[in-house]
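Below: one structure, written as structure tokens.
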Number of protein chains: 2
Amino acid sequence: MARQPARRDTTQPTETTQHTGTTRRTDPLTVDAIVDAACELIAEAGLAALSMRRLGAVLGVDPMAVYHHVNNKRQLLSLVTARVVGAMVLPAADAAWAVRVRGWADAYWAVVVANRDLVAAGLADPVVAAGGIPLVAPLTEAVADSGIRAALVEPNVWLIVDFVHGAALGAAAPLRHAADDLTPLRAAFAAGLDTIVAGIEAQAGG
Amino acid sequence: MARQPARRDTTQPTETTQHTGTTRRTDPLTVDAIVDAACELIAEAGLAALSMRRLGAVLGVDPMAVYHHVNNKRQLLSLVTARVVGAMVLPAADAAWAVRVRGWADAYWAVVVANRDLVAAGLADPVVAAGGIPLVAPLTEAVADSGIRAALVEPNVWLIVDFVHGAALGAAAPLRHAADDLTPLRAAFAAGLDTIVAGIEAQAGG
DNA sequence: ACCTGAACACCGTTCAAGT
DNA sequence: ACCTGAACACCGTTCAAGT
């Protein structure tokens, strides 16, 4: 969950995210700093470790101060989701449609696998999901370039998005792979994409 | 979330699930009665309303009594998941493979849509997911009957299972359908299945 | 404008004590 | 064997008060 390289027009604020959590900050809180701290907390100890109270401690601030910049925890999760999804690395736009479909799916799969419980929470909660509407435009273009009927573009985009969600979240399921090795899961995902690409091709050629 | 018609070899226990929650039960607690009450609570007020304390109240029992029959809340959710998935209506086994694939996917989709947050919680938690390993055997047979290469059967089974998960959980996402009408979501799901079936056909015929 | 601290209404779970 | 009740260590959020 890397910090976004986005507009960082202020000087780096005083370091307040030491593990003691006792440091008092000297400069005003910002939404950006709050999301930074939330991402760090999640990266270090998982989504379950993210509470408004712990977040305040990490920021060196009264837990309730956060509510002055963020409506509630759901909105915070939505902001975190937006940052995570925004960090997705999109594939080059000049390859063949099938290559672009695979590239997009692989990139999104990696993001979802790395943030499984965040995405699981988001899928169940429209407020959180709103922060994570993925950058589907390049995928839509790639699917459209297959030559498929226009009415079939959108359902096939959702097929791919939904397959990524299910496959990445299924990483938690037992019996599908060893706990610490995602390789077989990744291979099965690639094979599933093969079927989807073959299906789109068949529908485009018919 | 219908009560399972399974072995109910004891007489119906005294009604203790009235909304007052104050009734004291006269007969000993059973795991079955606990799962019954949990399902009712979820059906009435959603997964968020299911707490060990409220469960005790509904059962007319000290909240901690439940811990004598169930290890913890995760195991309870696993048991609830097992019951929900076990209620899935499997399609007839004598149809063409594509019909059986579609029938299985439709039936599982209905189960997952009706229990979205339970499944979302389960996908993120292996203990819960263990209760929900769906009855994939009929799906595996249907996919195998397509004539596809043996090595491709399992990945395509997961493709379908994962697509169902993603599509059903995506029902919470905004902009994809009106809050109270799942019809467009269902139509998109059917179209996605078309692509998968076409893809399997293409791979089988190659 | 921004932050604090007490308070409200909850959680899951442990553990010694009861019957 | 089974249930109870107090206790522990937490939650998200509201709200009046401070600076």
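As shown in the structure tokens, the chain order sets the letters A, B, ...; within each chain, residues go from 1, and ligands are also counted from 1 in the order they appear.
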**Q.** Residue hits in chain B, query chain A, radius 7 Å, only C-alpha atoms, as a ChimeraX atom specification
**A.** /B:116-117,120,123-126,129-130,155-156,159,162-163,165-167,169-170,172-174,188,191-192,195-196,198-200,202
Take the residues that were just selected and, keeping N, CA and C atoms, output them as a compact mmCIF listing (two decimals), in the first residue's frame.
```
# COMPACT_ATOMS: atom_id res chain seq x y z
N ARG B 116 -25.20 -11.62 0.79
CA ARG B 116 -24.00 -10.91 0.34
C ARG B 116 -22.97 -10.67 1.41
N ASP B 117 -23.39 -10.08 2.53
CA ASP B 117 -22.36 -9.70 3.51
C ASP B 117 -21.81 -10.92 4.25
N ALA B 120 -19.26 -12.09 1.80
CA ALA B 120 -18.13 -11.16 1.80
C ALA B 120 -17.26 -11.39 3.02
N LEU B 123 -15.39 -14.79 2.48
CA LEU B 123 -14.27 -14.80 1.53
C LEU B 123 -13.01 -14.23 2.17
N ALA B 124 -13.21 -13.30 3.11
CA ALA B 124 -12.04 -12.69 3.75
C ALA B 124 -11.54 -13.53 4.92
N ASP B 125 -12.30 -14.52 5.32
CA ASP B 125 -11.95 -15.30 6.52
C ASP B 125 -12.01 -16.79 6.22
N PRO B 126 -10.86 -17.46 6.19
CA PRO B 126 -10.82 -18.89 5.84
C PRO B 126 -11.69 -19.75 6.74
N ALA B 129 -15.12 -19.30 5.41
CA ALA B 129 -15.19 -19.88 4.07
C ALA B 129 -15.26 -21.39 4.11
N ALA B 130 -14.61 -21.98 5.12
CA ALA B 130 -14.60 -23.44 5.23
C ALA B 130 -16.02 -23.98 5.33
N PRO B 155 -9.46 -25.07 -13.46
CA PRO B 155 -9.44 -23.60 -13.61
C PRO B 155 -10.76 -23.03 -14.09
N ASN B 156 -11.46 -23.76 -14.96
CA ASN B 156 -12.73 -23.24 -15.46
C ASN B 156 -13.84 -23.34 -14.42
N LEU B 159 -13.17 -20.35 -12.38
CA LEU B 159 -13.61 -19.17 -13.12
C LEU B 159 -15.09 -18.91 -12.87
N ASP B 162 -15.72 -18.04 -9.09
CA ASP B 162 -15.23 -16.69 -8.78
C ASP B 162 -16.09 -15.62 -9.45
N PHE B 163 -16.53 -15.90 -10.67
CA PHE B 163 -17.41 -14.94 -11.35
C PHE B 163 -18.71 -14.76 -10.58
N HIS B 165 -19.15 -15.18 -7.35
CA HIS B 165 -18.84 -14.39 -6.16
C HIS B 165 -18.75 -12.91 -6.50
N GLY B 166 -17.93 -12.59 -7.50
CA GLY B 166 -17.72 -11.19 -7.85
C GLY B 166 -18.99 -10.52 -8.32
N ALA B 167 -19.75 -11.21 -9.16
CA ALA B 167 -20.96 -10.61 -9.73
C ALA B 167 -22.00 -10.40 -8.63
N LEU B 169 -21.50 -10.14 -5.34
CA LEU B 169 -21.07 -9.14 -4.36
C LEU B 169 -21.07 -7.76 -4.97
N GLY B 170 -20.85 -7.67 -6.28
CA GLY B 170 -20.89 -6.38 -6.96
C GLY B 170 -22.27 -5.76 -6.93
N ALA B 172 -23.63 -4.68 -4.55
CA ALA B 172 -23.59 -3.55 -3.62
C ALA B 172 -23.01 -2.30 -4.27
N ALA B 173 -22.34 -2.47 -5.41
CA ALA B 173 -21.67 -1.34 -6.04
C ALA B 173 -22.68 -0.35 -6.60
N PRO B 174 -22.40 0.93 -6.49
CA PRO B 174 -23.29 1.94 -7.04
C PRO B 174 -23.12 1.98 -8.55
N ALA B 188 -26.77 -8.96 -16.92
CA ALA B 188 -25.33 -8.87 -17.18
C ALA B 188 -24.65 -10.18 -16.77
N ALA B 191 -25.17 -12.71 -19.47
CA ALA B 191 -24.32 -12.43 -20.63
C ALA B 191 -22.88 -12.85 -20.36
N GLY B 192 -22.42 -12.64 -19.13
CA GLY B 192 -21.07 -13.08 -18.76
C GLY B 192 -20.94 -14.58 -18.86
N THR B 195 -20.34 -15.73 -22.39
CA THR B 195 -18.93 -15.64 -22.80
C THR B 195 -18.14 -16.83 -22.28
N ILE B 196 -18.38 -17.19 -21.02
CA ILE B 196 -17.65 -18.31 -20.43
C ILE B 196 -17.97 -19.61 -21.18
N ALA B 198 -19.09 -19.91 -24.22
CA ALA B 198 -18.49 -19.84 -25.56
C ALA B 198 -16.98 -20.11 -25.50
N GLY B 199 -16.33 -19.61 -24.45
CA GLY B 199 -14.89 -19.82 -24.29
C GLY B 199 -14.56 -21.28 -24.07
N ILE B 200 -15.37 -21.95 -23.23
CA ILE B 200 -15.14 -23.37 -22.97
C ILE B 200 -15.36 -24.17 -24.26
N ALA B 202 -15.01 -23.13 -27.31
CA ALA B 202 -13.88 -22.86 -28.22
C ALA B 202 -12.68 -23.70 -27.82
```
Next item on the list: Dump as a ChimeraX atom specification the residues of chain D that approach chain A to within 12 Å, counting only C-alpha atoms (C1' of nucleotides).
Entry: /D:10-15
In Å and to one decimal, CA of Leu90 (chain B) is distant from CA of Trp104 (chain B) by 6.3 Å
Quick one: residues within 9 Å of Ala93 (chain A), only C-alpha atoms (C1' of nucleotides) counted, chain neighbours fewer than 4 positions away excluded, as a short mmCIF file (atom, residue, chain, number, x, y, z; two decimals) with N, CA, C and O atoms, in the first residue's frame?
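New file selection.cif:
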```cif
data_model
loop_
_atom_site.label_atom_id
_atom_site.label_comp_id
_atom_site.auth_asym_id
_atom_site.auth_seq_id
_atom_site.Cartn_x
_atom_site.Cartn_y
_atom_site.Cartn_z
N TRP A 97 -5.86 -6.04 -28.44
CA TRP A 97 -6.91 -5.95 -27.41
C TRP A 97 -6.76 -7.02 -26.34
O TRP A 97 -6.93 -6.74 -25.15
N ARG A 100 -4.12 -6.18 -23.90
CA ARG A 100 -4.55 -5.12 -22.98
C ARG A 100 -5.54 -5.63 -21.95
O ARG A 100 -5.48 -5.25 -20.78
N PRO A 138 -9.89 1.97 -19.67
CA PRO A 138 -8.98 1.26 -20.57
C PRO A 138 -9.43 -0.16 -20.86
O PRO A 138 -9.27 -0.67 -21.97
N ALA A 142 -10.38 -1.80 -24.52
CA ALA A 142 -9.76 -3.04 -24.98
C ALA A 142 -10.82 -4.05 -25.40
O ALA A 142 -10.70 -4.69 -26.46
#
```
Please provide as an MDAnalysis selection string all residues within 9 Å of Val66 (chain B), with the sequence filter that same-chain residues fewer than 2 positions apart are discarded (counting only C-alpha atoms (C1' of nucleotides)). chainID B and resid 29:31 34 52 55:56 61:64 68:72
Since we have the selection now, will you write its residues out, keeping C-alpha atoms, as a PDB file, in the first residue's frame?
```pdb
ATOM      1  CA  LEU B  29     -29.473 -25.220  24.099  1.00  0.00           C
ATOM      2  CA  THR B  30     -28.334 -27.000  20.937  1.00  0.00           C
ATOM      3  CA  VAL B  31     -26.047 -25.954  18.118  1.00  0.00           C
ATOM      4  CA  ILE B  34     -28.261 -21.461  17.943  1.00  0.00           C
ATOM      5  CA  MET B  52     -23.216 -12.939  20.562  1.00  0.00           C
ATOM      6  CA  LEU B  55     -28.084 -13.976  20.102  1.00  0.00           C
ATOM      7  CA  GLY B  56     -28.227 -14.854  23.772  1.00  0.00           C
ATOM      8  CA  VAL B  61     -30.225 -17.319  27.688  1.00  0.00           C
ATOM      9  CA  ASP B  62     -27.148 -15.651  29.124  1.00  0.00           C
ATOM     10  CA  PRO B  63     -25.048 -14.433  26.180  1.00  0.00           C
ATOM     11  CA  MET B  64     -22.109 -16.525  27.348  1.00  0.00           C
ATOM     12  CA  HIS B  68     -20.585 -23.721  25.518  1.00  0.00           C
ATOM     13  CA  HIS B  69     -21.796 -24.986  22.145  1.00  0.00           C
ATOM     14  CA  VAL B  70     -19.776 -22.913  19.697  1.00  0.00           C
ATOM     15  CA  ASN B  71     -16.115 -21.968  19.968  1.00  0.00           C
ATOM     16  CA  ASN B  72     -16.477 -18.362  18.881  1.00  0.00           C
TER      17      ASN B  72
END
```
Of B:Arg186, B:Ala144, B:Val80, B:Asp106, the one nearest to Glu40 (chain B) when counting only C-alpha atoms is B:Val80
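Considering only C-alpha atoms, the residue among A:Asp181, A:Asp145, A:Gly60, A:Asp36 positioned nearest to Asp94 (chain A) is A:Asp145.
Rounded to one decimal, CA of Ser146 (chain B) and CA of Ala98 (chain B) lie 7.6 Å from each other.
Across the structure, CA of Ala37 (chain A) and CA of Leu76 (chain A) are spaced 11.0 Å apart.
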